[in-house]
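Report on the following structure.
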Amino acid sequence: MLSAATPFLAYLPAELLHVSGVLAVVTCGLVTTRFGPRVIGSEARIQAIAFWEVASYLLNSALFVLVGMQLPGAVEALKSASVVQAILAAVAVSVAVVGTRVAWFYSVPYLVRVLDRRPRQRDRRITALQRLPLAWSGMRGAISLAAALTVPATTSEGQAVGQRDAVVFLTTAVIVVTLTVLGPTLPAVVRRARFPEDTDKNSELTLARSHMSSAALHALPALAGQFGVAERDTLRMVQDIEDRTTPTPDTALRQENLRRLELALLQVKRGTLTALRDDGRIDDGVLLTVQRMLDVEEVRLKGKASLSEASSPSPEESSQP
């Protein structure tokens, strides 16, 4: 519920302050992505990811329906210009939107090359052919339509806002043009670019796993002593211990201490992973991949603890013959 309410909590105050609510929501998303790993628990994150995967699919599907519903209404509400003028203007705006993006990607990177001569910047360079998919992937969608629809129909004095109908029509037309022209042709543009195999993700995954393992091994002796875990049990932590017999109180306590130790080590790994992201040594994609594995492991450990508590006999039951 909190994740679903977050966009509204960002949008409404921005509107009251007469600034862009859409940009406030985008900014809120960036901040949440940055600080979320520190404040959101694993169980809540797994539930939220599952919820938003379904919600984003439904919202993306609804977007095409809304665009289709908006276009006839935008044509019927068009009063400030003729249909022919609006279509010509839509073509011109679409060409300007695509052309500006192409011009940007084929001009600014060369300026950056002249001004920034650091070796790290040189490693980011790509060929002109590989830059074309970046310029070609400028499809317009929900944010553009939302920005157009937030233009008020009347002013504070009650007068109609001039050419609002044209703004909505042009925005809807640009969305349709970019989706129907750029979208279907993008796979061919990407294939023609012939990007090399991306080895950075695998190397960053290896870096994240090795650093997390090193941090966990470094913290293991102190944490094992803190939770009273025997050395032989510490050495066997990598195995999934399944005791199929009725556990004795000593065995149950040892298993509980092991689970607590494993949960504490997961927090050490999580802190190391976030620090690597903050230092710029891994990107958010790698953080999300490893973070999901840690979340699943944490939920599994907590589930084992709950199952053990539910299946363990009560003191009255254990005292009966």
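Residues in the structure tokens are named by chain (A, B, ... in the order shown) and by number from 1 within that chain; ligands are numbered from 1 in the order shown.
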
Using only C-alpha atoms, find each residue in segment 51-88 of chain A having at least one atom no more than 12 Å away from segment 124-143 of chain A; report its shortest atom-to-atom pair and that distance in Å (one decimal), rows by chain then rising number, as JSON lines.
```
{"residue": "A:Ser56", "atom": "CA", "partner": "A:Ala142", "partner_atom": "CA", "distance": 11.6}
{"residue": "A:Leu59", "atom": "CA", "partner": "A:Ala142", "partner_atom": "CA", "distance": 9.3}
{"residue": "A:Asn60", "atom": "CA", "partner": "A:Ala142", "partner_atom": "CA", "distance": 8.3}
{"residue": "A:Ser61", "atom": "CA", "partner": "A:Ala142", "partner_atom": "CA", "distance": 11.0}
{"residue": "A:Ala62", "atom": "CA", "partner": "A:Ala142", "partner_atom": "CA", "distance": 10.0}
{"residue": "A:Leu63", "atom": "CA", "partner": "A:Ala142", "partner_atom": "CA", "distance": 6.6}
{"residue": "A:Phe64", "atom": "CA", "partner": "A:Gly141", "partner_atom": "CA", "distance": 8.8}
{"residue": "A:Val65", "atom": "CA", "partner": "A:Ala142", "partner_atom": "CA", "distance": 11.5}
{"residue": "A:Leu66", "atom": "CA", "partner": "A:Ala142", "partner_atom": "CA", "distance": 9.5}
{"residue": "A:Val67", "atom": "CA", "partner": "A:Gly141", "partner_atom": "CA", "distance": 8.8}
```

Using only C-alpha atoms, determine which residues lie at most 8 Å from Val168 of chain A, disregarding the query and same-chain residues fewer than 3 positions distant; provide the list as a list in words.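 The filter keeps Ala74, Leu145, Ala148, Leu149, Arg164, Asp165, Thr171 and Thr172 of chain A.
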
Go ahead and write the selection's residues with N, CA and C atoms as a short mmCIF file (atom, residue, chain, number, x, y, z; two decimals), in the first residue's frame.
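Done, and the output landed in part17.cif:
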```cif
data_model
loop_
_atom_site.label_atom_id
_atom_site.label_comp_id
_atom_site.auth_asym_id
_atom_site.auth_seq_id
_atom_site.Cartn_x
_atom_site.Cartn_y
_atom_site.Cartn_z
N ALA A 74 -9.57 13.87 -28.86
CA ALA A 74 -8.73 15.02 -29.18
C ALA A 74 -9.09 15.62 -30.53
N LEU A 145 1.81 11.96 -22.27
CA LEU A 145 0.36 12.11 -22.24
C LEU A 145 -0.09 12.70 -20.91
N ALA A 148 0.62 16.42 -20.88
CA ALA A 148 -0.33 17.19 -21.71
C ALA A 148 -1.68 17.32 -21.02
N LEU A 149 -2.14 16.24 -20.39
CA LEU A 149 -3.46 16.28 -19.75
C LEU A 149 -3.46 17.10 -18.47
N ARG A 164 -5.25 24.51 -25.76
CA ARG A 164 -5.03 23.29 -24.99
C ARG A 164 -5.43 22.07 -25.81
N ASP A 165 -6.48 22.20 -26.59
CA ASP A 165 -6.91 21.09 -27.43
C ASP A 165 -5.85 20.70 -28.43
N THR A 171 0.31 15.96 -28.77
CA THR A 171 0.97 14.98 -27.90
C THR A 171 0.51 13.57 -28.23
N THR A 172 -0.80 13.39 -28.37
CA THR A 172 -1.33 12.07 -28.71
C THR A 172 -0.81 11.60 -30.06
#
```

Can you measure atom CA of Ala264 of chain A to atom CA of Ala44 of chain A for me? One decimal in Å is fine.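 Atom CA of Ala44 of chain A lies at a distance of 18.2 Å from atom CA of Ala264 of chain A.
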
Quick check, in Å to one decimal: how far apart do atom CA of Val290 of chain A and atom CA of Thr32 of chain A lie?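 Between atom CA of Val290 of chain A and atom CA of Thr32 of chain A the gap is 17.7 Å.
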
Please identify every residue of segment 174-292 of chain A that has at least one atom no farther than 10 Å from an atom of segment 98-120 of chain A, counting only C-alpha atoms, and for each give the shortest atom pair and the distance in Å to one decimal, arranged by chain then increasing number, as a tab-separated table.
```
residue	atom	partner	partner_atom	distance
A:Val174	CA	A:Val98	CA	9.8
A:Thr178	CA	A:Val98	CA	8.2
A:Leu182	CA	A:Val98	CA	9.1
```

Create the file for the chosen residues now, containing N, CA and C atoms and written as a tab-separated table (two decimals), in the first residue's frame.
```tsv
chain	number	residue	atom	x	y	z
A	174	VAL	N	2.01	12.48	-31.56
A	174	VAL	CA	3.44	12.14	-31.45
A	174	VAL	C	3.61	10.77	-30.80
A	178	THR	N	5.53	7.81	-32.84
A	178	THR	CA	6.78	7.20	-32.35
A	178	THR	C	6.58	5.72	-32.01
A	182	LEU	N	8.91	4.14	-34.74
A	182	LEU	CA	10.19	3.81	-34.09
A	182	LEU	C	10.15	2.43	-33.44
```

Give me the residues near segment 202-214 of chain A as a ChimeraX atom specification, where near means some atom within 9 Å (using only C-alpha atoms) and where sequence neighbours in that chain fewer than 3 positions away do not count. /A:198-199,217-219,266,268-273,276,281-283,286-287,289-290

Taking 4 positions as the minimum chain separation for residues in the same chain, which residues sit within 7 Å of segment 254-258 of chain A when counting only C-alpha atoms? Answer as a list in words. Phe227, Gly228, Val229, Asp250 and Glu262 of chain A

Residue nearest Ser3 of chain A among A:Arg38, A:Arg45, A:His18, A:Arg260 (counting only C-alpha atoms):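 The shortest atom-to-atom distance to Ser3 of chain A comes from A:Arg45.
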